[in-house]
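A.B. asks: I am attaching a structure below and will ask some questions about it afterwards.
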Amino acid sequence: MSDGSLRPISRTAEVRAQISTLRRAGKSIAFVPTMGALHDGHLTLVDVAHQHADAVVVSIFVNPLQFAPTEDLTKYPRTLTADLDALHTHDVALVFTPTADEMYPPGSITTVTPAPYDAIFEGAIRPGHFTGVLTIVAKLFNIVHPDVAVFGQKDLQQLSLIQHMVRDLDISLQILSVPTVRDPDGLAMSSRNRYLTPADRLRAPRVNATLCAIRSLFETGEHNSTTLLQTGTTFLAEDPAFTLDYLALVDPTTFTPVPTATPGTAAIIAARLNGTRLLDNIIL
Ligand code: PAF
């Protein structure tokens with residue numbers, strides 16, 4: 001981009017037309033779907049996308065279908081001007097910013113449900129969440145038709161379900177996953193970190209430190225999941241401001257809990273800190 005601006009496109013038909021133009025010019029396309037409120041984690045996804053295609057397309061859409069009525073849809077941070085500036089700096093070719101009506105016109109009835117894995121961990125806490133995620137991701141894939149799509153490993157269950165969907169529905173693209181980007185104190189970057197008060201921001205790294213405590217014990221040779229999880233639970237509970245939603249050791253593909261941790265097992269955690277949900281995971 002050379003004119004100093006990046007014009008967001010809100011209509012599906014215009015995105016399709018511009019994608020066709022890119023294709024006619026022989027360009028491969030990498031796609032980064034987001035809900036905006038971009039941080040360095042998102043921009044890392046964009047940088048990785050550039051390494052795998054000629055043109056990078058980003059979507060910004062706070063998808064109502066993946067929020068339960070009790071959740072933070074209306075207060076979810078929206079920072080479009082800053083997002084467009086950042087994407088312009090990162091040489092993004094096209095930014096798709098649809099409205100909810102554009103994505104879900106009256107009469108839309110079809111959704112994508114990843115049963116049975118939508119009912120465990122994040123899916124158990126947020127019923128319907130993964131149906132919302134997979135439905136919008138499938139729709140965006142059908143509009144953008146990318147060669148590759150890039151997702152962060154921070155939302156590991158989401159990443160696993162998207163990989164399942166692509167395989168199960170024969171969607172012809174490659175999914176790339178990128179390691180979680182962290183603040184220097186270990187906190188996984190997330191748009192929702194903006195909800196933290198300054199005092200809670202200082203406490204928040206305990207979520208990652210809980211996983212690191214489990215990994216340290218694992219590395220001393222302790223592989224029993226019950227023992228490892230007890231250590232993590234005790235460590236988190238040292239700060240009573242946290243409420244644990246779940247802490248588990250799972251197979252990273254099926255999200256089945258494992259009785260014995262092995263290299264490659266995922267340690268996953270979700271905890272609430274005065275109303276802000278913090279998610280994280282590490283692979284042992
Ligand atoms: O991870 C997110 O930001 C969202 O779940 C996604 C993949 C953009 C779908 O709305």
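By convention here, the chains of the structure tokens are called A, B, ... in the order presented, each chain's residues are numbered starting at 1, and ligands are numbered starting at 1 in the order presented.
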Give the helix (DSSP H, G or I) residues of stretch 96-174 of chain A, as DSSP finds them on the backbone, and put them as a count of residues only.
C.D. replies: 40
A.B. asks: Show which residues sit within 9 Å of stretch 123-130 of chain A, as a list of chain:residue names. Count only C-alpha atoms, and ignore same-chain residues fewer than 6 positions away.
C.D. replies: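 Non-adjacent residues within range: A:Leu65, A:Gln66, A:Phe67, A:Ala68, A:Glu71, A:Val112, A:Thr113, A:Pro114, A:Tyr117, A:Gln157, A:Gln158, A:Leu161, A:Asp245.
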A.B. asks: Enumerate the residues of stretch 41-274 of chain A with a DSSP assignment of strand (DSSP E or B), computed from the backbone, and present them as an MDAnalysis selection string.
C.D. replies: chainID A and resid 55:60 94:96 148:152 174:178 182 188 224 242:250 257 260 266:273
A.B. asks: Taking 3 positions as the minimum chain separation for residues in the same chain, which residues sit within 7 Å of A:Val95 when counting only C-alpha atoms? Answer as a PyMOL selection string.
C.D. replies: chain A and resi 8-9+57-59
A.B. asks: Grab the residues selected above and save them as a short mmCIF file (atom, residue, chain, number, x, y, z; two decimals), in the first residue's frame with N, CA, C and O atoms.
C.D. replies:
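See again.cif below for the written result:
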data_model
loop_
_atom_site.label_atom_id
_atom_site.label_comp_id
_atom_site.auth_asym_id
_atom_site.auth_seq_id
_atom_site.Cartn_x
_atom_site.Cartn_y
_atom_site.Cartn_z
N PRO A 8 -11.38 -0.62 4.55
CA PRO A 8 -12.03 -1.89 4.88
C PRO A 8 -13.18 -2.16 3.93
O PRO A 8 -13.85 -1.24 3.46
N ILE A 9 -13.41 -3.43 3.64
CA ILE A 9 -14.50 -3.81 2.73
C ILE A 9 -15.54 -4.58 3.54
O ILE A 9 -15.20 -5.56 4.21
N VAL A 57 -4.90 -11.55 3.42
CA VAL A 57 -6.25 -11.03 3.65
C VAL A 57 -6.57 -11.24 5.13
O VAL A 57 -6.30 -12.30 5.68
N VAL A 58 -7.13 -10.20 5.76
CA VAL A 58 -7.52 -10.28 7.18
C VAL A 58 -9.00 -9.97 7.28
O VAL A 58 -9.50 -9.08 6.58
N SER A 59 -9.71 -10.70 8.13
CA SER A 59 -11.09 -10.31 8.43
C SER A 59 -11.16 -9.83 9.87
O SER A 59 -10.42 -10.31 10.74
#
A.B. asks: Using only C-alpha atoms and all ligand atoms, find each residue with an atom at most 9 Å away from ligand 1 and format the answer as a PyMOL selection string.
C.D. replies: chain A and resi 32-36+42+59-66+129-130+132-137+151-152+154-155+158-159+162+191
A.B. asks: Of the candidates A:Ala138, A:Gln163, A:Gly41, A:Arg192, which one gets nearest to A:Pro77 if we count only C-alpha atoms?
C.D. replies: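 Smallest separation from A:Pro77 among the options: A:Arg192.
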A.B. asks: Looking at A:Ala270, A:Ala55, A:Ile283, A:Ala25, which one is nearest to A:Pro146, with distances taken over only C-alpha atoms?
C.D. replies: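 Of all the options, A:Ala55 lies closest to A:Pro146.
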A.B. asks: With distances taken over only C-alpha atoms, which residue among A:Arg277, A:His164, A:Arg24, A:Arg206 lies nearest A:Thr233?
C.D. replies: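 Nearest to A:Thr233: A:Arg206.
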A.B. asks: Quote the spacing between atom CA of A:Asn224 and atom CA of A:Thr253 in Å to one decimal place.
C.D. replies: 20.0 Å
A.B. asks: I'd like the contact shell of A:Gly186 - 8 Å cut-off, only C-alpha atoms, skipping same-chain residues fewer than 2 positions apart - returned as a ChimeraX atom specification.
C.D. replies: /A:182-184,188,205,208-209
A.B. asks: Store the residues picked out above in a file with all heavy atoms, as a short mmCIF file (atom, residue, chain, number, x, y, z; two decimals), in the first residue's frame.
C.D. replies:
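As a result, result_1.cif now contains:
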data_model
loop_
_atom_site.label_atom_id
_atom_site.label_comp_id
_atom_site.auth_asym_id
_atom_site.auth_seq_id
_atom_site.Cartn_x
_atom_site.Cartn_y
_atom_site.Cartn_z
N ARG A 182 3.53 -13.96 23.83
CA ARG A 182 3.37 -13.63 25.25
C ARG A 182 3.98 -12.27 25.58
O ARG A 182 4.96 -11.86 24.96
CB ARG A 182 4.06 -14.69 26.12
CG ARG A 182 3.50 -16.07 25.92
CD ARG A 182 4.18 -17.12 26.76
NE ARG A 182 3.59 -18.41 26.44
CZ ARG A 182 2.42 -18.83 26.91
NH1 ARG A 182 1.76 -18.07 27.76
NH2 ARG A 182 1.91 -19.99 26.54
N ASP A 183 3.42 -11.62 26.59
CA ASP A 183 4.10 -10.47 27.17
C ASP A 183 5.35 -10.98 27.89
O ASP A 183 5.45 -12.18 28.17
CB ASP A 183 3.15 -9.77 28.16
CG ASP A 183 2.09 -8.94 27.44
OD1 ASP A 183 2.31 -8.59 26.27
OD2 ASP A 183 1.05 -8.65 28.05
N PRO A 184 6.30 -10.06 28.19
CA PRO A 184 7.56 -10.51 28.82
C PRO A 184 7.34 -11.29 30.12
O PRO A 184 8.13 -12.15 30.47
CB PRO A 184 8.31 -9.20 29.09
CG PRO A 184 7.79 -8.27 28.05
CD PRO A 184 6.35 -8.63 27.84
N ALA A 188 -0.20 -14.72 28.11
CA ALA A 188 -0.54 -14.90 26.70
C ALA A 188 -1.30 -13.68 26.21
O ALA A 188 -2.24 -13.22 26.87
CB ALA A 188 -1.39 -16.16 26.54
N PRO A 205 -0.19 -13.17 35.15
CA PRO A 205 0.82 -14.15 34.71
C PRO A 205 0.79 -15.46 35.49
O PRO A 205 1.39 -16.44 35.08
CB PRO A 205 2.15 -13.40 34.93
CG PRO A 205 1.79 -11.96 34.90
CD PRO A 205 0.42 -11.86 35.48
N ASN A 208 -0.14 -18.55 33.34
CA ASN A 208 0.95 -19.21 32.62
C ASN A 208 1.92 -19.87 33.60
O ASN A 208 2.43 -20.98 33.34
CB ASN A 208 1.68 -18.18 31.74
CG ASN A 208 2.84 -18.82 31.00
OD1 ASN A 208 4.00 -18.51 31.23
ND2 ASN A 208 2.54 -19.78 30.14
N ALA A 209 2.16 -19.20 34.74
CA ALA A 209 3.09 -19.78 35.73
C ALA A 209 2.56 -21.12 36.25
O ALA A 209 3.35 -22.01 36.58
CB ALA A 209 3.30 -18.78 36.87
#
A.B. asks: Mind checking which residues fall within 12 Å of A:Asn193, counting only C-alpha atoms, ignoring those fewer than 6 positions away in the same chain, and posting them as a PyMOL selection string?
C.D. replies: chain A and resi 37-39+76-77+182-183+187+200-205+272-273+275-279
A.B. asks: Keeping only N, CA and C atoms, write the selected residues to a file as a short mmCIF file (atom, residue, chain, number, x, y, z; two decimals), in the first residue's frame.
C.D. replies:
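To be explicit, this is the file written out as again39.cif:
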data_model
loop_
_atom_site.label_atom_id
_atom_site.label_comp_id
_atom_site.auth_asym_id
_atom_site.auth_seq_id
_atom_site.Cartn_x
_atom_site.Cartn_y
_atom_site.Cartn_z
N ALA A 37 -9.45 -5.68 17.61
CA ALA A 37 -8.71 -5.35 18.85
C ALA A 37 -7.33 -6.00 18.76
N LEU A 38 -6.68 -5.72 17.65
CA LEU A 38 -5.46 -6.46 17.29
C LEU A 38 -4.31 -6.14 18.24
N HIS A 39 -3.52 -7.17 18.53
CA HIS A 39 -2.31 -7.02 19.34
C HIS A 39 -1.18 -7.74 18.60
N TYR A 76 -17.14 -6.28 23.96
CA TYR A 76 -15.88 -6.76 23.35
C TYR A 76 -15.16 -5.57 22.71
N PRO A 77 -13.83 -5.42 22.93
CA PRO A 77 -13.15 -4.21 22.44
C PRO A 77 -13.19 -4.08 20.92
N ARG A 182 3.53 -13.96 23.83
CA ARG A 182 3.37 -13.63 25.25
C ARG A 182 3.98 -12.27 25.58
N ASP A 183 3.42 -11.62 26.59
CA ASP A 183 4.10 -10.47 27.17
C ASP A 183 5.35 -10.98 27.89
N LEU A 187 2.33 -13.67 30.28
CA LEU A 187 0.89 -13.63 29.99
C LEU A 187 0.65 -13.76 28.49
N ASP A 200 -5.01 -6.39 38.54
CA ASP A 200 -5.21 -7.76 38.03
C ASP A 200 -4.20 -8.10 36.93
N ARG A 201 -3.78 -7.07 36.19
CA ARG A 201 -2.76 -7.34 35.16
C ARG A 201 -1.48 -7.89 35.81
N LEU A 202 -1.18 -7.40 37.02
CA LEU A 202 0.01 -7.89 37.71
C LEU A 202 -0.17 -9.34 38.18
N ARG A 203 -1.43 -9.71 38.45
CA ARG A 203 -1.70 -11.07 38.93
C ARG A 203 -1.78 -12.08 37.79
N ALA A 204 -2.19 -11.60 36.61
CA ALA A 204 -2.57 -12.50 35.51
C ALA A 204 -1.50 -13.50 35.08
N PRO A 205 -0.19 -13.17 35.15
CA PRO A 205 0.82 -14.15 34.71
C PRO A 205 0.79 -15.46 35.49
N ARG A 272 -10.79 -17.57 35.74
CA ARG A 272 -11.38 -16.23 35.76
C ARG A 272 -10.71 -15.41 36.86
N LEU A 273 -10.41 -14.16 36.49
CA LEU A 273 -9.80 -13.23 37.43
C LEU A 273 -10.72 -12.03 37.49
N GLY A 275 -13.78 -11.75 36.83
CA GLY A 275 -14.68 -11.63 35.69
C GLY A 275 -13.99 -11.74 34.33
N THR A 276 -12.68 -11.58 34.27
CA THR A 276 -11.97 -11.71 32.99
C THR A 276 -11.50 -13.15 32.84
N ARG A 277 -11.88 -13.80 31.75
CA ARG A 277 -11.44 -15.18 31.53
C ARG A 277 -10.07 -15.17 30.86
N LEU A 278 -9.17 -15.96 31.39
CA LEU A 278 -7.82 -16.06 30.85
C LEU A 278 -7.60 -17.51 30.44
N LEU A 279 -7.21 -17.71 29.19
CA LEU A 279 -6.96 -19.06 28.64
C LEU A 279 -5.48 -19.19 28.33
#
A.B. asks: One decimal, in Å: what's the spacing between atom CA of A:Tyr195 and atom CA of A:Lys75?
C.D. replies: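 That distance, rounded to one decimal, is 9.6 Å.
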A.B. asks: Would you compute the distance between atom CA of A:Ile19 and atom CA of A:Pro106? Give it in Å to one decimal.
C.D. replies: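 Atom CA of A:Ile19 sits 25.6 Å away from atom CA of A:Pro106.
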A.B. asks: Please determine, counting only C-alpha atoms, which residue among A:Thr243, A:Thr70, A:Thr44, A:Ser190 has the shortest atom-to-atom distance to A:Ile269.
C.D. replies: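 Counting only C-alpha atoms, the residue closest to A:Ile269 is A:Thr243.
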A.B. asks: Write out as a list of chain:residue names each polymer residue whose atoms come within 9 Å of A:Val46, counting only C-alpha atoms; drop sequence neighbours fewer than 3 positions from it.
C.D. replies: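 Close residues of A:Val46: A:Ala30, A:Phe31, A:Val32, A:Gly41, A:His42, A:Leu43, A:Ala49, A:His50, A:Gln51, A:Val56, A:Val57, A:Val58, A:Leu87, A:His90, A:Asp91, A:Val92, A:Val150.
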